[in-house]
Amino acid sequence: MSDLAVRTTGMSIGYEWAICSDISFELQQGRSILVTGHNGTGKTTLLRTLFGLVPALQGECELLGLNVRRASAEKLIRAGVRFLGQGARSFDDLPLERSREVLRKLYGFQPDTAQSDAAKGHHLSARLGDLSIGQRRIEALRLLKAGSPRLYLLDEPLAGVDVAQEDLVLNWIASEQGKRASFIIAEHRFRRLLPVCDVTMVMRSGRIGFLGSSSELLNEQKAAEVLL
């Protein structure tokens, strides 16, 4: 089994025209990339393209050894890829317990009996659609753990969560990293994610403006240089 979680080569992303071009990088299993940049630079489009929801305009992408152009979403999920987009609204009318059961049966996953920090604070009989934005985000993260995840693509995981919930999300990410799961995380609140991601990619003006160690951007002067 390859130890490479992601490989992109000369990839251009966008819709009728390219938002960002010449995206080439590799991500080893167990490592994480933070994707940041101003609004409109293509962070969400990059994650949607990586998961095959938007076709790449040019170039190639492989996730866990699968060519995304030829692999269905179901095949990627069964291989261990998990995608969390913004505003996901799955199973809104179902109680939490039932929504988890439906997801497990949908993909043939085994029940997860472990109590998660993300499950605390609301009862399993509550409807998913009745939760706050932050609670929904955390519940969505918990649902991603079904099966045997190896690669997470997370779009703005801190959106709509309060300070306490931020800590839950960051602890959840750290826990999965401890199992050698890889992450690509798009987040404009980059300072919160720098300590937990090995590499940071800054998207700007239709290109990758920075791709290097996250520790470099802990320096405020360097962060301002690559982000402004």
# chains A, B, ... in the order shown; residues from 1 in each chain; ligands from 1
call {"tool": "closest_atom_pairs", "arguments": {"of": "segment 133-205 of chain A", "to": "segment 54-68 of chain A", "cutoff": "12 Å", "atoms": "only C-alpha atoms", "output": "tab-separated table"}}
result
residue	atom	partner	partner_atom	distance
A:Pro149	CA	A:Leu64	CA	10.9
A:Arg150	CA	A:Leu64	CA	8.2
A:Leu151	CA	A:Leu64	CA	7.9
A:Tyr152	CA	A:Leu63	CA	10.5
A:Leu153	CA	A:Leu63	CA	10.6
A:Ala181	CA	A:Leu64	CA	11.3
A:Ser182	CA	A:Leu64	CA	10.2
A:Phe183	CA	A:Leu63	CA	11.6
A:Ile184	CA	A:Leu63	CA	11.3
call {"tool": "atom_distance", "arguments": {"atom1": "atom CA of Phe25 of chain A", "atom2": "atom CA of Lys43 of chain A"}}
result
14.9 Å
call {"tool": "closest_residue", "arguments": {"among": "A:Arg191, A:Arg207, A:Arg82, A:Arg69", "to": "Cys20 of chain A", "atoms": "only C-alpha atoms"}}
result
A:Arg207
call {"tool": "closest_residue", "arguments": {"among": "A:Ile133, A:Val35, A:Ala164, A:Ala159", "to": "Asp198 of chain A", "atoms": "only C-alpha atoms"}}
result
A:Val35
call {"tool": "residues_around", "arguments": {"residues": "Gly212 of chain A", "least_positions_apart": "2", "cutoff": "7 Å", "atoms": "only C-alpha atoms", "output": "PyMOL selection string"}}
result
chain A and resi 199-201+210+214
call {"tool": "write_last_selection", "arguments": {"atoms": "N, CA, C and O atoms", "output": "PDB file, in the first residue's frame"}}
result
ATOM      1  N   VAL A 199       2.025  21.532   6.981  1.00  0.00           N
ATOM      2  CA  VAL A 199       2.305  22.377   5.827  1.00  0.00           C
ATOM      3  C   VAL A 199       1.156  23.354   5.635  1.00  0.00           C
ATOM      4  O   VAL A 199      -0.006  23.024   5.914  1.00  0.00           O
ATOM      5  N   THR A 200       1.463  24.555   5.155  1.00  0.00           N
ATOM      6  CA  THR A 200       0.424  25.524   4.811  1.00  0.00           C
ATOM      7  C   THR A 200       0.559  25.923   3.345  1.00  0.00           C
ATOM      8  O   THR A 200       1.660  26.166   2.864  1.00  0.00           O
ATOM      9  N   MET A 201      -0.592  25.955   2.673  1.00  0.00           N
ATOM     10  CA  MET A 201      -0.676  26.426   1.289  1.00  0.00           C
ATOM     11  C   MET A 201      -1.480  27.719   1.287  1.00  0.00           C
ATOM     12  O   MET A 201      -2.606  27.742   1.779  1.00  0.00           O
ATOM     13  N   PHE A 210       2.317  30.502  -1.519  1.00  0.00           N
ATOM     14  CA  PHE A 210       3.230  29.952  -0.512  1.00  0.00           C
ATOM     15  C   PHE A 210       2.865  28.500  -0.281  1.00  0.00           C
ATOM     16  O   PHE A 210       1.694  28.145  -0.178  1.00  0.00           O
ATOM     17  N   SER A 214       4.266  25.101   8.135  1.00  0.00           N
ATOM     18  CA  SER A 214       3.341  25.969   8.867  1.00  0.00           C
ATOM     19  C   SER A 214       4.073  26.795   9.915  1.00  0.00           C
ATOM     20  O   SER A 214       3.653  27.912  10.233  1.00  0.00           O
TER      21      SER A 214
END
call {"tool": "residues_around", "arguments": {"residues": "segment 160-163 of chain A", "least_positions_apart": "3", "cutoff": "12 Å", "atoms": "only C-alpha atoms", "output": "tab-separated table (two decimals) with N, CA, C and O atoms, in the first residue's frame"}}
result
chain	number	residue	atom	x	y	z
A	86	GLN	N	-19.09	22.99	3.32
A	86	GLN	CA	-19.76	24.01	4.10
A	86	GLN	C	-21.27	23.81	4.01
A	86	GLN	O	-21.81	23.50	2.96
A	87	GLY	N	-21.95	23.97	5.17
A	87	GLY	CA	-23.41	23.93	5.18
A	87	GLY	C	-23.99	22.57	4.87
A	87	GLY	O	-25.10	22.47	4.33
A	131	LEU	N	-30.25	21.31	15.84
A	131	LEU	CA	-29.02	21.68	16.53
A	131	LEU	C	-28.54	23.05	16.08
A	131	LEU	O	-28.87	23.52	14.98
A	132	SER	N	-27.73	23.69	16.90
A	132	SER	CA	-27.10	24.95	16.52
A	132	SER	C	-26.08	24.68	15.41
A	132	SER	O	-25.70	23.53	15.15
A	133	ILE	N	-25.63	25.76	14.76
A	133	ILE	CA	-24.64	25.61	13.69
A	133	ILE	C	-23.39	24.90	14.20
A	133	ILE	O	-22.87	23.98	13.56
A	134	GLY	N	-22.92	25.31	15.38
A	134	GLY	CA	-21.73	24.69	15.93
A	134	GLY	C	-21.94	23.23	16.27
A	134	GLY	O	-21.08	22.38	15.99
A	135	GLN	N	-23.10	22.89	16.87
A	135	GLN	CA	-23.39	21.50	17.20
A	135	GLN	C	-23.49	20.65	15.94
A	135	GLN	O	-23.03	19.50	15.92
A	136	ARG	N	-24.09	21.21	14.91
A	136	ARG	CA	-24.22	20.47	13.65
A	136	ARG	C	-22.84	20.19	13.05
A	136	ARG	O	-22.58	19.11	12.51
A	137	ARG	N	-21.96	21.18	13.15
A	137	ARG	CA	-20.61	21.01	12.60
A	137	ARG	C	-19.88	19.90	13.32
A	137	ARG	O	-19.22	19.06	12.70
A	138	ILE	N	-19.99	19.88	14.62
A	138	ILE	CA	-19.30	18.86	15.41
A	138	ILE	C	-19.91	17.48	15.17
A	138	ILE	O	-19.20	16.48	15.06
A	139	GLU	N	-21.23	17.41	15.07
A	139	GLU	CA	-21.88	16.13	14.77
A	139	GLU	C	-21.46	15.63	13.39
A	139	GLU	O	-21.22	14.43	13.21
A	156	GLU	N	-13.60	24.72	6.01
A	156	GLU	CA	-13.97	25.63	7.09
A	156	GLU	C	-14.57	24.88	8.30
A	156	GLU	O	-15.71	25.13	8.70
A	157	PRO	N	-13.82	23.97	8.91
A	157	PRO	CA	-14.36	23.21	10.04
A	157	PRO	C	-14.68	24.07	11.26
A	157	PRO	O	-15.45	23.65	12.13
A	166	GLU	N	-14.52	25.16	19.27
A	166	GLU	CA	-13.26	25.18	18.53
A	166	GLU	C	-12.28	24.19	19.12
A	166	GLU	O	-11.61	23.44	18.41
A	167	ASP	N	-12.18	24.19	20.44
A	167	ASP	CA	-11.25	23.28	21.11
A	167	ASP	C	-11.65	21.83	20.85
A	167	ASP	O	-10.78	20.96	20.66
A	168	LEU	N	-12.96	21.54	20.84
A	168	LEU	CA	-13.42	20.18	20.53
A	168	LEU	C	-12.99	19.77	19.12
A	168	LEU	O	-12.53	18.65	18.90
A	169	VAL	N	-13.17	20.69	18.17
A	169	VAL	CA	-12.80	20.39	16.79
A	169	VAL	C	-11.30	20.14	16.68
A	169	VAL	O	-10.86	19.16	16.06
A	170	LEU	N	-10.49	21.00	17.28
A	170	LEU	CA	-9.03	20.85	17.21
A	170	LEU	C	-8.57	19.58	17.90
A	170	LEU	O	-7.66	18.89	17.42
A	189	ARG	N	-9.45	31.16	9.12
A	189	ARG	CA	-8.91	31.48	10.45
A	189	ARG	C	-7.65	30.64	10.66
A	189	ARG	O	-7.59	29.76	11.51
A	192	ARG	N	-5.45	29.44	14.04
A	192	ARG	CA	-5.89	28.36	14.93
A	192	ARG	C	-5.42	27.00	14.42
A	192	ARG	O	-5.26	26.06	15.20
call {"tool": "closest_residue", "arguments": {"among": "A:Met203, A:Ser213, A:Thr44, A:Ala146", "to": "Ile23 of chain A", "atoms": "only C-alpha atoms"}}
result
A:Met203
call {"tool": "decode", "arguments": {"residues": "segment 210-225 of chain A", "atoms": "all heavy atoms", "output": "PDB file, in the first residue's frame"}}
result
ATOM      1  N   PHE A 210       2.317  30.502  -1.519  1.00  0.00           N
ATOM      2  CA  PHE A 210       3.230  29.952  -0.512  1.00  0.00           C
ATOM      3  C   PHE A 210       2.865  28.500  -0.281  1.00  0.00           C
ATOM      4  O   PHE A 210       1.694  28.145  -0.178  1.00  0.00           O
ATOM      5  CB  PHE A 210       3.100  30.732   0.797  1.00  0.00           C
ATOM      6  CG  PHE A 210       3.919  30.151   1.935  1.00  0.00           C
ATOM      7  CD1 PHE A 210       5.254  30.488   2.098  1.00  0.00           C
ATOM      8  CD2 PHE A 210       3.337  29.267   2.849  1.00  0.00           C
ATOM      9  CE1 PHE A 210       6.002  29.961   3.142  1.00  0.00           C
ATOM     10  CE2 PHE A 210       4.083  28.724   3.893  1.00  0.00           C
ATOM     11  CZ  PHE A 210       5.422  29.075   4.035  1.00  0.00           C
ATOM     12  N   LEU A 211       3.857  27.651  -0.222  1.00  0.00           N
ATOM     13  CA  LEU A 211       3.669  26.247   0.129  1.00  0.00           C
ATOM     14  C   LEU A 211       4.889  25.821   0.919  1.00  0.00           C
ATOM     15  O   LEU A 211       5.968  25.610   0.361  1.00  0.00           O
ATOM     16  CB  LEU A 211       3.498  25.377  -1.126  1.00  0.00           C
ATOM     17  CG  LEU A 211       3.277  23.880  -0.887  1.00  0.00           C
ATOM     18  CD1 LEU A 211       1.983  23.638  -0.105  1.00  0.00           C
ATOM     19  CD2 LEU A 211       3.249  23.118  -2.207  1.00  0.00           C
ATOM     20  N   GLY A 212       4.729  25.744   2.240  1.00  0.00           N
ATOM     21  CA  GLY A 212       5.873  25.429   3.081  1.00  0.00           C
ATOM     22  C   GLY A 212       5.458  25.097   4.487  1.00  0.00           C
ATOM     23  O   GLY A 212       4.264  24.927   4.785  1.00  0.00           O
ATOM     24  N   SER A 213       6.430  24.996   5.354  1.00  0.00           N
ATOM     25  CA  SER A 213       6.182  24.608   6.734  1.00  0.00           C
ATOM     26  C   SER A 213       5.259  25.614   7.424  1.00  0.00           C
ATOM     27  O   SER A 213       5.447  26.830   7.320  1.00  0.00           O
ATOM     28  CB  SER A 213       7.504  24.518   7.497  1.00  0.00           C
ATOM     29  OG  SER A 213       7.275  24.330   8.870  1.00  0.00           O
ATOM     30  N   SER A 214       4.266  25.101   8.135  1.00  0.00           N
ATOM     31  CA  SER A 214       3.341  25.969   8.867  1.00  0.00           C
ATOM     32  C   SER A 214       4.073  26.795   9.915  1.00  0.00           C
ATOM     33  O   SER A 214       3.653  27.912  10.233  1.00  0.00           O
ATOM     34  CB  SER A 214       2.252  25.128   9.539  1.00  0.00           C
ATOM     35  OG  SER A 214       1.449  24.481   8.582  1.00  0.00           O
ATOM     36  N   SER A 215       5.139  26.252  10.455  1.00  0.00           N
ATOM     37  CA  SER A 215       5.875  26.960  11.500  1.00  0.00           C
ATOM     38  C   SER A 215       6.422  28.300  11.009  1.00  0.00           C
ATOM     39  O   SER A 215       6.592  29.231  11.791  1.00  0.00           O
ATOM     40  CB  SER A 215       7.013  26.090  12.038  1.00  0.00           C
ATOM     41  OG  SER A 215       7.940  25.781  11.009  1.00  0.00           O
ATOM     42  N   GLU A 216       6.670  28.420   9.695  1.00  0.00           N
ATOM     43  CA  GLU A 216       7.167  29.687   9.154  1.00  0.00           C
ATOM     44  C   GLU A 216       6.152  30.807   9.338  1.00  0.00           C
ATOM     45  O   GLU A 216       6.514  31.967   9.553  1.00  0.00           O
ATOM     46  CB  GLU A 216       7.499  29.536   7.666  1.00  0.00           C
ATOM     47  CG  GLU A 216       8.706  28.679   7.355  1.00  0.00           C
ATOM     48  CD  GLU A 216       9.061  28.742   5.880  1.00  0.00           C
ATOM     49  OE1 GLU A 216       9.184  29.868   5.360  1.00  0.00           O
ATOM     50  OE2 GLU A 216       9.204  27.676   5.262  1.00  0.00           O
ATOM     51  N   LEU A 217       4.867  30.465   9.272  1.00  0.00           N
ATOM     52  CA  LEU A 217       3.826  31.489   9.341  1.00  0.00           C
ATOM     53  C   LEU A 217       3.447  31.839  10.775  1.00  0.00           C
ATOM     54  O   LEU A 217       2.594  32.697  10.994  1.00  0.00           O
ATOM     55  CB  LEU A 217       2.587  31.038   8.565  1.00  0.00           C
ATOM     56  CG  LEU A 217       2.803  30.780   7.073  1.00  0.00           C
ATOM     57  CD1 LEU A 217       1.482  30.535   6.368  1.00  0.00           C
ATOM     58  CD2 LEU A 217       3.548  31.936   6.413  1.00  0.00           C
ATOM     59  N   LEU A 218       4.079  31.183  11.746  1.00  0.00           N
ATOM     60  CA  LEU A 218       3.902  31.610  13.132  1.00  0.00           C
ATOM     61  C   LEU A 218       4.589  32.946  13.366  1.00  0.00           C
ATOM     62  O   LEU A 218       4.284  33.658  14.319  1.00  0.00           O
ATOM     63  CB  LEU A 218       4.452  30.541  14.082  1.00  0.00           C
ATOM     64  CG  LEU A 218       3.690  29.213  14.097  1.00  0.00           C
ATOM     65  CD1 LEU A 218       4.425  28.191  14.959  1.00  0.00           C
ATOM     66  CD2 LEU A 218       2.258  29.392  14.589  1.00  0.00           C
ATOM     67  N   ASN A 219       5.510  33.289  12.467  1.00  0.00           N
ATOM     68  CA  ASN A 219       6.153  34.599  12.475  1.00  0.00           C
ATOM     69  C   ASN A 219       5.187  35.588  11.821  1.00  0.00           C
ATOM     70  O   ASN A 219       4.841  35.452  10.643  1.00  0.00           O
ATOM     71  CB  ASN A 219       7.471  34.532  11.705  1.00  0.00           C
ATOM     72  CG  ASN A 219       8.196  35.864  11.664  1.00  0.00           C
ATOM     73  OD1 ASN A 219       7.726  36.811  11.062  1.00  0.00           O
ATOM     74  ND2 ASN A 219       9.361  35.919  12.296  1.00  0.00           N
ATOM     75  N   GLU A 220       4.744  36.584  12.563  1.00  0.00           N
ATOM     76  CA  GLU A 220       3.735  37.521  12.075  1.00  0.00           C
ATOM     77  C   GLU A 220       4.198  38.263  10.826  1.00  0.00           C
ATOM     78  O   GLU A 220       3.398  38.526   9.920  1.00  0.00           O
ATOM     79  CB  GLU A 220       3.366  38.517  13.177  1.00  0.00           C
ATOM     80  CG  GLU A 220       2.591  37.915  14.337  1.00  0.00           C
ATOM     81  CD  GLU A 220       1.196  37.465  13.908  1.00  0.00           C
ATOM     82  OE1 GLU A 220       0.645  38.051  12.963  1.00  0.00           O
ATOM     83  OE2 GLU A 220       0.671  36.520  14.522  1.00  0.00           O
ATOM     84  N   GLN A 221       5.469  38.628  10.769  1.00  0.00           N
ATOM     85  CA  GLN A 221       5.972  39.338   9.611  1.00  0.00           C
ATOM     86  C   GLN A 221       5.903  38.468   8.348  1.00  0.00           C
ATOM     87  O   GLN A 221       5.496  38.937   7.287  1.00  0.00           O
ATOM     88  CB  GLN A 221       7.418  39.797   9.839  1.00  0.00           C
ATOM     89  CG  GLN A 221       8.006  40.604   8.689  1.00  0.00           C
ATOM     90  CD  GLN A 221       9.398  41.132   9.012  1.00  0.00           C
ATOM     91  OE1 GLN A 221       9.816  41.157  10.163  1.00  0.00           O
ATOM     92  NE2 GLN A 221      10.106  41.559   7.973  1.00  0.00           N
ATOM     93  N   LYS A 222       6.275  37.189   8.490  1.00  0.00           N
ATOM     94  CA  LYS A 222       6.210  36.266   7.359  1.00  0.00           C
ATOM     95  C   LYS A 222       4.767  36.016   6.947  1.00  0.00           C
ATOM     96  O   LYS A 222       4.447  35.987   5.741  1.00  0.00           O
ATOM     97  CB  LYS A 222       6.883  34.945   7.737  1.00  0.00           C
ATOM     98  CG  LYS A 222       6.871  33.900   6.629  1.00  0.00           C
ATOM     99  CD  LYS A 222       7.712  34.321   5.436  1.00  0.00           C
ATOM    100  CE  LYS A 222       7.809  33.202   4.408  1.00  0.00           C
ATOM    101  NZ  LYS A 222       8.604  33.601   3.219  1.00  0.00           N
ATOM    102  N   ALA A 223       3.872  35.878   7.933  1.00  0.00           N
ATOM    103  CA  ALA A 223       2.454  35.656   7.633  1.00  0.00           C
ATOM    104  C   ALA A 223       1.879  36.831   6.849  1.00  0.00           C
ATOM    105  O   ALA A 223       1.148  36.656   5.874  1.00  0.00           O
ATOM    106  CB  ALA A 223       1.670  35.435   8.922  1.00  0.00           C
ATOM    107  N   ALA A 224       2.196  38.045   7.280  1.00  0.00           N
ATOM    108  CA  ALA A 224       1.704  39.230   6.585  1.00  0.00           C
ATOM    109  C   ALA A 224       2.256  39.314   5.179  1.00  0.00           C
ATOM    110  O   ALA A 224       1.563  39.708   4.229  1.00  0.00           O
ATOM    111  CB  ALA A 224       2.073  40.488   7.368  1.00  0.00           C
ATOM    112  N   GLU A 225       3.488  38.903   5.007  1.00  0.00           N
ATOM    113  CA  GLU A 225       4.161  38.966   3.701  1.00  0.00           C
ATOM    114  C   GLU A 225       3.464  38.070   2.675  1.00  0.00           C
ATOM    115  O   GLU A 225       3.287  38.466   1.519  1.00  0.00           O
ATOM    116  CB  GLU A 225       5.616  38.539   3.870  1.00  0.00           C
ATOM    117  CG  GLU A 225       6.406  38.433   2.573  1.00  0.00           C
ATOM    118  CD  GLU A 225       7.799  37.871   2.811  1.00  0.00           C
ATOM    119  OE1 GLU A 225       8.415  38.241   3.835  1.00  0.00           O
ATOM    120  OE2 GLU A 225       8.263  37.054   1.992  1.00  0.00           O
TER     121      GLU A 225
END
